[in-house]
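Shown next: final.txt, given as compact mmCIF, C-alpha atoms.
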```txt
# COMPACT_ATOMS: atom_id res chain seq x y z
CA MET A 724 -10.66 -11.40 -12.42
CA GLY A 725 -10.19 -15.11 -11.75
CA ALA A 726 -7.96 -16.55 -9.04
CA GLY A 727 -5.41 -17.65 -11.62
CA ASP A 728 -5.32 -14.30 -13.40
CA GLY A 729 -3.08 -11.36 -12.66
CA ILE A 730 0.23 -11.14 -10.90
CA GLU A 731 -0.88 -13.26 -7.93
CA GLY A 732 -1.51 -16.26 -10.16
CA ALA A 733 1.66 -15.69 -12.17
CA LEU A 734 3.77 -15.48 -9.02
CA ALA A 735 2.15 -18.58 -7.53
CA ALA A 736 2.92 -20.58 -10.68
CA THR A 737 6.53 -19.38 -10.71
CA GLU A 738 6.86 -20.15 -7.01
CA ASP A 739 5.91 -23.76 -7.76
CA GLN A 740 8.50 -23.93 -10.56
CA VAL A 741 11.20 -22.47 -8.32
CA ASP A 742 10.32 -24.94 -5.60
CA ALA A 743 10.83 -27.78 -8.09
CA ALA A 744 14.20 -26.30 -9.10
CA ILE A 745 15.26 -26.04 -5.45
CA LYS A 746 14.43 -29.70 -4.89
CA ALA A 747 16.43 -30.67 -7.97
CA ALA A 748 19.37 -28.58 -6.79
CA ALA A 749 19.13 -30.17 -3.35
CA ALA A 750 19.42 -33.60 -4.95
CA VAL A 751 22.65 -32.50 -6.69
CA THR A 752 24.07 -31.29 -3.38
CA ARG A 753 23.08 -34.51 -1.64
CA GLU A 754 24.85 -36.72 -4.21
CA LEU A 755 27.95 -34.50 -4.26
CA ARG A 756 28.24 -34.86 -0.50
CA LYS A 757 28.09 -38.62 -0.91
CA ALA A 758 30.80 -38.34 -3.57
CA LYS A 759 32.97 -36.29 -1.21
CA VAL A 760 32.67 -38.95 1.48
CA GLY A 761 33.49 -41.66 -1.07
CA ALA A 762 36.59 -39.77 -2.23
CA ALA A 763 37.71 -39.07 1.32
CA ARG A 764 37.36 -42.72 2.35
CA GLY A 765 38.47 -44.27 -0.91
CA GLN A 766 35.11 -45.93 -1.49
CA VAL A 767 35.54 -45.97 -5.27
CA ARG A 768 32.30 -47.73 -6.17
CA ASP A 769 30.23 -45.34 -4.04
CA LEU A 770 32.19 -42.39 -5.43
CA ARG A 771 31.44 -43.28 -9.07
CA LYS A 772 27.77 -43.95 -8.29
CA ALA A 773 27.36 -40.63 -6.49
CA LEU A 774 29.13 -38.63 -9.22
CA ALA A 775 26.94 -40.18 -11.92
CA ALA A 776 23.81 -39.42 -9.89
CA ALA A 777 24.97 -35.85 -9.27
CA ALA A 778 25.54 -35.31 -12.98
CA GLY A 779 22.05 -36.59 -13.76
CA TYR A 780 20.43 -34.44 -11.14
CA ALA A 781 22.48 -31.46 -12.32
CA ALA A 782 20.94 -31.78 -15.79
CA GLU A 783 17.48 -31.97 -14.22
CA SER A 784 18.30 -28.98 -12.02
CA ALA A 785 19.40 -26.92 -15.04
CA GLN A 786 16.18 -27.78 -16.85
CA ALA A 787 14.13 -26.91 -13.78
CA ALA A 788 15.91 -23.56 -13.43
CA LYS A 789 15.24 -22.74 -17.08
CA ALA A 790 11.59 -23.73 -16.63
CA ALA A 791 11.34 -21.44 -13.61
CA GLU A 792 12.86 -18.57 -15.59
CA ALA A 793 10.47 -19.12 -18.49
CA SER A 794 7.45 -19.45 -16.19
CA PHE A 795 7.46 -15.77 -15.21
CA ASP A 796 6.59 -14.29 -18.58
CA PHE A 797 4.39 -11.57 -17.14
CA ASP A 798 4.09 -7.91 -18.15
CA ASP A 799 4.21 -6.50 -14.63
CA GLN A 800 4.73 -2.90 -15.77
CA GLY A 801 1.75 -3.06 -18.13
CA HIS A 802 -0.34 -4.71 -15.41
CA LEU A 803 0.46 -1.95 -12.96
CA ALA A 804 -0.05 0.85 -15.48
CA SER A 805 -3.36 -0.41 -16.87
CA GLY A 806 -5.25 -0.32 -13.58
CA ALA A 807 -5.56 -4.11 -13.52
CA PHE A 808 -3.19 -4.36 -10.56
CA ALA A 809 -5.28 -1.90 -8.54
CA GLU A 810 -8.37 -3.98 -9.32
CA GLU A 811 -6.57 -7.17 -8.32
CA LEU A 812 -5.37 -5.61 -5.07
CA VAL A 813 -8.88 -4.43 -4.17
CA GLU A 814 -10.21 -7.94 -4.86
CA ALA A 815 -7.48 -9.51 -2.71
CA ALA A 816 -8.28 -7.10 0.11
CA ASP A 817 -11.99 -7.88 -0.14
CA ALA A 818 -11.27 -11.62 -0.01
CA ALA A 819 -9.22 -11.05 3.15
CA GLY A 820 -11.92 -8.93 4.78
CA VAL A 821 -9.88 -5.73 4.46
CA THR A 822 -11.69 -2.65 3.14
CA MET A 823 -9.94 -0.84 0.28
CA VAL A 824 -11.32 1.75 -2.11
CA GLU A 825 -9.94 3.76 -5.02
CA SER A 826 -9.84 7.56 -4.84
CA ASP A 827 -7.98 10.15 -6.90
CA GLN A 828 -5.46 7.68 -8.40
CA ARG A 829 -4.74 6.18 -4.99
CA LEU A 830 -6.00 3.26 -2.96
CA LEU A 831 -7.32 3.96 0.51
CA CYS A 832 -7.00 1.30 3.18
CA TYR A 833 -7.24 2.77 6.68
CA PRO A 834 -4.92 4.26 7.78
CA SER A 835 -2.73 3.77 4.71
CA LEU A 836 -2.71 5.41 1.29
CA ILE A 837 -1.27 3.40 -1.59
CA LYS A 838 0.07 4.83 -4.82
CA ILE A 839 1.04 2.51 -7.68
CA LEU A 840 4.37 3.26 -9.39
CA PRO A 841 4.44 1.25 -12.65
CA GLY A 842 7.81 2.59 -13.85
CA ASP A 843 9.53 1.48 -10.64
CA ALA A 844 7.74 -1.87 -10.32
CA ALA A 845 6.70 -0.79 -6.85
CA VAL A 846 3.96 0.78 -4.78
CA GLU A 847 4.21 3.62 -2.32
CA ILE A 848 2.52 3.09 1.03
CA ASP A 849 2.33 6.31 3.04
CA ARG A 850 5.34 7.66 1.10
CA ARG A 851 7.43 4.54 1.70
CA ARG A 852 8.54 2.54 -1.34
CA GLU A 853 7.45 -1.10 -1.26
CA ARG A 854 8.64 -3.57 -3.91
CA ARG A 855 6.75 -6.61 -2.67
CA LEU A 856 3.97 -6.62 -5.27
CA ARG A 857 2.21 -9.90 -4.57
CA PRO A 858 -1.34 -8.80 -3.66
CA SER A 859 -1.76 -11.32 -0.83
CA VAL A 860 1.50 -10.07 0.73
CA LEU A 861 0.57 -6.40 0.37
CA VAL A 862 -2.87 -6.99 1.88
CA ALA A 863 -1.26 -8.76 4.85
CA LEU A 864 1.06 -5.77 5.35
CA LEU A 865 -1.87 -3.35 5.22
CA ALA A 866 -3.94 -5.47 7.60
CA ALA A 867 -1.04 -5.46 10.07
CA ALA A 868 -0.77 -1.67 9.76
CA GLN A 869 -4.42 -1.38 10.75
CA LYS A 870 -3.64 -3.00 14.09
CA ARG A 871 -0.98 -0.41 14.95
CA PRO A 872 -1.86 3.09 16.18
CA PRO A 873 -1.40 5.62 13.34
CA ARG A 874 1.57 7.99 13.46
CA PHE A 875 -0.34 11.23 13.59
CA ARG A 876 0.27 14.43 15.55
CA ALA A 877 -3.27 15.68 16.05
CA GLU A 878 -2.35 18.89 17.89
CA THR A 879 0.12 19.99 15.22
CA PHE A 880 -2.31 19.30 12.40
CA LEU A 881 -5.08 21.15 14.24
CA GLU A 882 -2.90 24.28 14.50
CA SER A 883 -2.11 24.14 10.77
CA LEU A 884 -5.78 23.71 9.97
CA GLU A 885 -6.75 26.68 12.12
CA ALA A 886 -4.10 28.90 10.46
CA ALA A 887 -5.36 27.90 7.01
CA TYR A 888 -8.94 28.56 8.10
CA ASP A 889 -8.07 32.08 9.23
CA LEU A 890 -6.26 32.83 5.97
CA VAL A 891 -9.18 31.67 3.85
CA ARG A 892 -11.74 33.47 6.00
CA ALA A 893 -9.77 36.73 5.84
CA LYS A 894 -9.28 36.44 2.07
CA GLN A 895 -12.99 35.83 1.51
CA ASP A 896 -13.96 38.48 4.11
CA LYS A 897 -16.24 36.07 5.93
CA ARG A 898 -17.60 36.39 9.45
CA ALA A 899 -16.01 34.60 12.40
CA GLY A 900 -17.14 31.02 12.84
CA VAL A 901 -18.38 30.61 9.28
CA VAL A 902 -18.24 27.12 7.77
CA LEU A 903 -15.69 26.97 4.96
CA PRO A 904 -15.08 24.17 2.44
CA LEU A 905 -12.21 21.96 3.51
CA VAL A 906 -10.85 21.93 -0.05
CA ASP A 907 -10.26 25.68 0.25
CA LEU A 908 -8.06 25.04 3.29
CA TRP A 909 -6.23 22.27 1.44
CA SER A 910 -5.50 24.74 -1.37
CA VAL A 911 -3.88 27.10 1.16
CA LEU A 912 -1.87 24.30 2.75
CA THR A 913 -0.50 23.32 -0.69
CA LEU A 914 0.27 26.74 -2.16
CA LEU A 915 3.90 26.03 -3.00
CA PRO A 916 4.65 24.57 -6.46
CA GLY A 917 4.35 20.80 -6.47
CA GLN A 918 2.81 20.64 -3.01
CA GLN A 919 -0.54 19.40 -4.27
CA ARG A 920 1.24 16.35 -5.68
CA GLU A 921 3.17 15.89 -2.44
CA TYR A 922 0.11 16.29 -0.21
CA SER A 923 -2.92 15.01 -2.10
CA LYS A 924 -6.59 15.40 -1.29
CA PRO A 925 -6.86 11.73 -0.19
CA GLU A 926 -4.00 12.32 2.28
CA PHE A 927 -5.70 15.48 3.54
CA ALA A 928 -9.01 13.63 3.91
CA ARG A 929 -7.26 10.84 5.82
CA ASP A 930 -5.68 13.39 8.17
CA ILE A 931 -9.04 15.11 8.73
CA TYR A 932 -10.50 11.77 9.74
CA LEU A 933 -7.58 10.98 12.06
CA LEU A 934 -8.02 14.40 13.69
CA ASP A 935 -11.74 13.83 14.00
CA ALA A 936 -11.20 10.38 15.52
CA SER A 937 -8.49 11.60 17.91
CA GLY A 938 -10.89 13.69 19.97
CA VAL A 939 -8.53 16.69 19.82
CA SER A 940 -10.77 19.61 18.93
CA THR A 941 -9.60 22.67 20.89
CA ALA A 942 -6.80 24.77 19.42
CA LYS A 943 -4.25 26.66 21.50
CA SER A 944 -6.26 29.80 20.81
CA GLY A 945 -9.17 28.29 22.69
CA ARG A 946 -11.35 28.00 19.64
CA GLY A 947 -13.11 24.75 18.97
CA LEU A 948 -13.00 22.75 15.76
CA ARG A 949 -16.28 21.81 14.12
CA LEU A 950 -16.69 19.50 11.13
CA PRO A 951 -20.39 19.97 10.48
CA ALA A 952 -22.41 17.82 8.14
CA SER A 953 -23.66 19.75 5.16
CA THR A 954 -25.55 19.42 1.92
CA GLY A 955 -22.10 20.07 0.46
CA THR A 956 -21.24 16.44 1.18
CA LYS A 957 -23.50 15.51 -1.70
CA GLY A 958 -21.86 17.83 -4.22
CA THR A 959 -18.47 19.04 -5.33
CA GLY A 960 -15.61 19.66 -2.97
CA THR A 961 -16.22 16.59 -0.85
CA LEU A 962 -13.41 14.63 0.73
CA VAL A 963 -13.80 10.87 1.12
CA THR A 964 -11.65 8.49 3.11
CA VAL A 965 -11.98 5.10 4.80
CA ALA A 966 -12.73 4.98 8.52
CA ARG A 967 -11.28 2.45 10.94
CA SER A 968 -14.57 0.54 10.66
CA GLY A 969 -13.98 0.16 6.93
CA HIS A 970 -16.90 2.39 6.00
CA PRO A 971 -16.49 5.48 3.79
CA GLN A 972 -16.19 8.73 5.72
CA THR A 973 -17.12 11.97 3.97
CA TYR A 974 -16.19 15.54 4.94
CA TRP A 975 -16.97 18.89 3.39
CA GLY A 976 -16.84 21.88 5.74
CA VAL A 977 -14.97 23.18 8.78
CA SER A 978 -15.26 26.03 11.23
CA PHE A 979 -13.47 27.29 14.32
CA THR A 980 -15.69 28.89 16.94
CA GLU A 981 -15.02 30.63 20.23
CA ALA A 982 -15.74 28.59 23.33
CA SER A 983 -19.09 29.49 24.86
```
Translate the structure described by the file into C-alpha cells.
Amino acid sequence: MGAGDGIEGALAATEDQVDAAIKAAAAVTRELRKAKVGAARGQVRDLRKALAAAAGYAAESAQAAKAAEASFDFDDQGHLASGAFAEELVEAADAAGVTMVESDQRLLCYPSLIKILPGDAAVEIDRRRERRLRPSVLVALLAAAQKRPPRFRAETFLESLEAAYDLVRAKQDKRAGVVLPLVDLWSVLTLLPGQQREYSKPEFARDIYLLDASGVSTAKSGRGLRLPASTGTKGTGTLVTVARSGHPQTYWGVSFTEAS
C-alpha cells in the first residue's frame, strides 16, 4: 500500500484542503475587522474597500469549504471492513518502529489489543472506544501506551488461573502437577454465554504474558506456577502474543506444583 493510499493519505489531502479554507476564512475576518474600524471612525473610503475585499474573500472561502467537503470522498466503512485498514495500521506501526501483529481478528501491539469496529467508524483499544482513525495518530497513541506500566493485577489473575487449573484437572481426572493446555483453562474461564467474545484468546494470551513477565508465580495456596515449553507450541492450542521486546511470545501449557 503506497503512502498516498488508504485513509492516511485521504485524511492528509483533506487536511490540506481544510487548511486552505481556514486561511480564506481568516482573510474574510481580517477585512471585516478593517470594515468595522472604518465604520466606527467614519473612514468611508477604507470601509468600502474593506467590505469589497471581505465579499471577495468570502466567495473564495465558500469555494474552499466546498472543495474541502468534496475532498474527503472516502469509503471509511468499507476500508475498515475489508481488512485494508488493519493492513495500513500494521504498515504505519512498522514505519514507526512499533511492532504490531494480527491474531484472531485483532491487532496485538504490546500491551494493547485493538479490535476494528467498521459499523461504528471506530476501533476498540483494550475495550475503550477510540474514534481517531488516522493510522499515524493511533500508532502514536499505542507507542505512548507502551511506555506506561500495564494495568494488570497479577496476583488476582494467578488465583483465577489456579482455580481454573484445578477444575480442569479434576474433570479430566489427571494427577497433581500435570501440564494442561492453557486453552482448556481459557474455556473454563469463559463458560458463561458470550464470555468467549468478551474475553478472547488474544486477551488471555496477553494476560498470561503479563503474569509471566510480572515475576508473580506463587499462589496463596503455596503452589508454584509453571509455564513449561512444550512440543505443543508447534501445534494446535497455542497462544501467541507480543512481548514488550516486540517479539512474538508463544504459550501452550501450564501446571501448578507444590513447593519443594
Report task. Using all atoms listed in the file, find the one residue out of A:Ala749, A:Val846, A:Leu734, A:Ile837 that sits nearest to A:Glu792. Result ->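 The closest residue to A:Glu792 is A:Leu734.
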Residues within 12 Å of (0.3, -7.8, -1.4), file coords, all atoms listed in the file, listed as a ChimeraX atom specification: /A:730-731,734,808-809,811-816,819,821,837,845-846,848,853-867
Restricting to all atoms listed in the file, whichever of A:Arg764, A:Thr752, A:Ala758, A:Asp796 is closest to A:Tyr780 is A:Thr752
Students should find that atom CA of A:Leu915 and atom CA of A:Val891 are spaced 15.8 Å
Of A:Pro951, A:Gly900, A:Gly765, A:Pro834, the one nearest to A:Ala928 when counting only C-alpha atoms is A:Pro834
Expressed in Å, the length from atom CA of A:Glu754 to atom CA of A:Ala773 is 5.2 Å
The distance between atom CA of A:Gly801 and atom CA of A:Met823 is 21.9 Å
Taking (27.4, -33.5, -11.3) in the file's coordinates, which residues come within 12 Å, counting all atoms listed in the file, written as a compact mmCIF listing (two decimals) with C-alpha atoms, keeping the file's coordinate frame?
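Saved as part.txt:
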```
# COMPACT_ATOMS: atom_id res chain seq x y z
CA ALA A 747 16.43 -30.67 -7.97
CA ALA A 748 19.37 -28.58 -6.79
CA ALA A 749 19.13 -30.17 -3.35
CA ALA A 750 19.42 -33.60 -4.95
CA VAL A 751 22.65 -32.50 -6.69
CA THR A 752 24.07 -31.29 -3.38
CA ARG A 753 23.08 -34.51 -1.64
CA GLU A 754 24.85 -36.72 -4.21
CA LEU A 755 27.95 -34.50 -4.26
CA ARG A 756 28.24 -34.86 -0.50
CA LYS A 757 28.09 -38.62 -0.91
CA ALA A 758 30.80 -38.34 -3.57
CA LYS A 759 32.97 -36.29 -1.21
CA LEU A 770 32.19 -42.39 -5.43
CA ARG A 771 31.44 -43.28 -9.07
CA LYS A 772 27.77 -43.95 -8.29
CA ALA A 773 27.36 -40.63 -6.49
CA LEU A 774 29.13 -38.63 -9.22
CA ALA A 775 26.94 -40.18 -11.92
CA ALA A 776 23.81 -39.42 -9.89
CA ALA A 777 24.97 -35.85 -9.27
CA ALA A 778 25.54 -35.31 -12.98
CA GLY A 779 22.05 -36.59 -13.76
CA TYR A 780 20.43 -34.44 -11.14
CA ALA A 781 22.48 -31.46 -12.32
CA ALA A 782 20.94 -31.78 -15.79
CA GLU A 783 17.48 -31.97 -14.22
CA SER A 784 18.30 -28.98 -12.02
CA ALA A 785 19.40 -26.92 -15.04
```
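Contact shell of A:Asp935 at 12 Å (all atoms listed in the file; same-chain neighbours under 2 positions omitted): Phe875, Ala877, Glu878, Phe880, Leu881, Ala928, Arg929, Asp930, Ile931, Tyr932, Leu933, Ser937, Gly938, Val939, Ser940, Thr941, Leu948, Arg949, Leu950, Pro951, Ala966, Arg967, Gln972, Thr973, Tyr974 and Val977 of chain A.
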Closest of A:Asp827, A:Ala735, A:Gly969, A:Leu905 to A:Phe795, counting all atoms listed in the file, is A:Ala735
Give the padded box for stretch 770-776 of chain A as JSON: axis-aligned, covering all atoms listed in the file, 8 Å on each side, centre and edge lengths in Å to one decimal.
```
{"center_x": 28.0, "center_y": -41.3, "center_z": -8.7, "size_x": 24.4, "size_y": 21.3, "size_z": 22.5}
```
Discussion item. Given all atoms listed in the file as the basis, pick out the residue of A:Ala744, A:Ala886, A:Leu914, A:Cys832 nearest to A:Ala868.
Written reply: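 With all atoms listed in the file as the atom set, the closest residue is A:Cys832.
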Can you take the partial stretch 841-874 of chain A, add N, CA and C atoms, and return it as an mmCIF file, in the frame of the given file?
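Written file, rebuild_37.cif:
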```
data_model
loop_
_atom_site.group_PDB
_atom_site.id
_atom_site.type_symbol
_atom_site.label_atom_id
_atom_site.label_comp_id
_atom_site.auth_asym_id
_atom_site.auth_seq_id
_atom_site.Cartn_x
_atom_site.Cartn_y
_atom_site.Cartn_z
ATOM 1 N N PRO A 841 4.142 2.252 -11.609
ATOM 2 C CA PRO A 841 4.440 1.250 -12.650
ATOM 3 C C PRO A 841 5.893 1.285 -13.118
ATOM 4 N N GLY A 842 6.454 2.479 -13.327
ATOM 5 C CA GLY A 842 7.810 2.590 -13.850
ATOM 6 C C GLY A 842 8.868 2.033 -12.922
ATOM 7 N N ASP A 843 8.575 1.981 -11.625
ATOM 8 C CA ASP A 843 9.530 1.480 -10.640
ATOM 9 C C ASP A 843 9.219 0.066 -10.183
ATOM 10 N N ALA A 844 8.175 -0.529 -10.758
ATOM 11 C CA ALA A 844 7.740 -1.870 -10.320
ATOM 12 C C ALA A 844 7.596 -1.889 -8.802
ATOM 13 N N ALA A 845 6.839 -0.934 -8.296
ATOM 14 C CA ALA A 845 6.700 -0.790 -6.850
ATOM 15 C C ALA A 845 5.381 -0.075 -6.533
ATOM 16 N N VAL A 846 5.050 -0.061 -5.264
ATOM 17 C CA VAL A 846 3.960 0.780 -4.780
ATOM 18 C C VAL A 846 4.533 1.665 -3.674
ATOM 19 N N GLU A 847 3.817 2.721 -3.398
ATOM 20 C CA GLU A 847 4.210 3.620 -2.320
ATOM 21 C C GLU A 847 3.122 3.574 -1.263
ATOM 22 N N ILE A 848 3.472 3.164 -0.069
ATOM 23 C CA ILE A 848 2.520 3.090 1.030
ATOM 24 C C ILE A 848 2.896 4.166 2.043
ATOM 25 N N ASP A 849 2.043 5.187 2.135
ATOM 26 C CA ASP A 849 2.330 6.310 3.040
ATOM 27 C C ASP A 849 3.739 6.842 2.822
ATOM 28 N N ARG A 850 4.081 7.053 1.525
ATOM 29 C CA ARG A 850 5.340 7.660 1.100
ATOM 30 C C ARG A 850 6.557 6.734 1.242
ATOM 31 N N ARG A 851 6.324 5.492 1.611
ATOM 32 C CA ARG A 851 7.430 4.540 1.700
ATOM 33 C C ARG A 851 7.353 3.557 0.532
ATOM 34 N N ARG A 852 8.482 3.417 -0.174
ATOM 35 C CA ARG A 852 8.540 2.540 -1.340
ATOM 36 C C ARG A 852 8.476 1.079 -0.908
ATOM 37 N N GLU A 853 7.616 0.324 -1.559
ATOM 38 C CA GLU A 853 7.450 -1.100 -1.260
ATOM 39 C C GLU A 853 7.501 -1.880 -2.572
ATOM 40 N N ARG A 854 8.465 -2.822 -2.677
ATOM 41 C CA ARG A 854 8.640 -3.570 -3.910
ATOM 42 C C ARG A 854 8.020 -4.969 -3.857
ATOM 43 N N ARG A 855 7.459 -5.335 -2.740
ATOM 44 C CA ARG A 855 6.750 -6.610 -2.670
ATOM 45 C C ARG A 855 5.359 -6.413 -3.282
ATOM 46 N N LEU A 856 5.174 -6.907 -4.497
ATOM 47 C CA LEU A 856 3.970 -6.620 -5.270
ATOM 48 C C LEU A 856 2.923 -7.734 -5.246
ATOM 49 N N ARG A 857 3.215 -8.832 -4.604
ATOM 50 C CA ARG A 857 2.210 -9.900 -4.570
ATOM 51 C C ARG A 857 1.011 -9.421 -3.760
ATOM 52 N N PRO A 858 -0.182 -9.364 -4.351
ATOM 53 C CA PRO A 858 -1.340 -8.800 -3.660
ATOM 54 C C PRO A 858 -1.607 -9.387 -2.281
ATOM 55 N N SER A 859 -1.496 -10.703 -2.134
ATOM 56 C CA SER A 859 -1.760 -11.320 -0.830
ATOM 57 C C SER A 859 -0.763 -10.825 0.218
ATOM 58 N N VAL A 860 0.481 -10.581 -0.198
ATOM 59 C CA VAL A 860 1.500 -10.070 0.730
ATOM 60 C C VAL A 860 1.213 -8.628 1.095
ATOM 61 N N LEU A 861 0.873 -7.808 0.105
ATOM 62 C CA LEU A 861 0.570 -6.400 0.370
ATOM 63 C C LEU A 861 -0.641 -6.260 1.287
ATOM 64 N N VAL A 862 -1.663 -7.060 1.040
ATOM 65 C CA VAL A 862 -2.870 -6.990 1.880
ATOM 66 C C VAL A 862 -2.535 -7.371 3.322
ATOM 67 N N ALA A 863 -1.676 -8.371 3.496
ATOM 68 C CA ALA A 863 -1.260 -8.760 4.850
ATOM 69 C C ALA A 863 -0.513 -7.616 5.537
ATOM 70 N N LEU A 864 0.337 -6.909 4.791
ATOM 71 C CA LEU A 864 1.060 -5.770 5.350
ATOM 72 C C LEU A 864 0.089 -4.661 5.772
ATOM 73 N N LEU A 865 -0.895 -4.394 4.927
ATOM 74 C CA LEU A 865 -1.870 -3.350 5.220
ATOM 75 C C LEU A 865 -2.763 -3.724 6.403
ATOM 76 N N ALA A 866 -3.120 -5.005 6.477
ATOM 77 C CA ALA A 866 -3.940 -5.470 7.600
ATOM 78 C C ALA A 866 -3.169 -5.333 8.916
ATOM 79 N N ALA A 867 -1.862 -5.610 8.868
ATOM 80 C CA ALA A 867 -1.040 -5.460 10.070
ATOM 81 C C ALA A 867 -0.933 -3.991 10.471
ATOM 82 N N ALA A 868 -0.857 -3.105 9.476
ATOM 83 C CA ALA A 868 -0.770 -1.670 9.760
ATOM 84 C C ALA A 868 -2.036 -1.176 10.446
ATOM 85 N N GLN A 869 -3.164 -1.794 10.133
ATOM 86 C CA GLN A 869 -4.420 -1.380 10.750
ATOM 87 C C GLN A 869 -4.457 -1.670 12.246
ATOM 88 N N LYS A 870 -3.641 -2.620 12.676
ATOM 89 C CA LYS A 870 -3.640 -3.000 14.090
ATOM 90 C C LYS A 870 -2.720 -2.106 14.923
ATOM 91 N N ARG A 871 -1.893 -1.312 14.227
ATOM 92 C CA ARG A 871 -0.980 -0.410 14.950
ATOM 93 C C ARG A 871 -1.599 0.985 15.026
ATOM 94 N N PRO A 872 -1.346 1.720 16.110
ATOM 95 C CA PRO A 872 -1.860 3.090 16.180
ATOM 96 C C PRO A 872 -1.198 3.946 15.103
ATOM 97 N N PRO A 873 -1.974 4.797 14.412
ATOM 98 C CA PRO A 873 -1.400 5.620 13.340
ATOM 99 C C PRO A 873 -0.415 6.651 13.892
ATOM 100 N N ARG A 874 0.610 6.941 13.086
ATOM 101 C CA ARG A 874 1.570 7.990 13.460
ATOM 102 C C ARG A 874 0.994 9.328 13.021
#
```
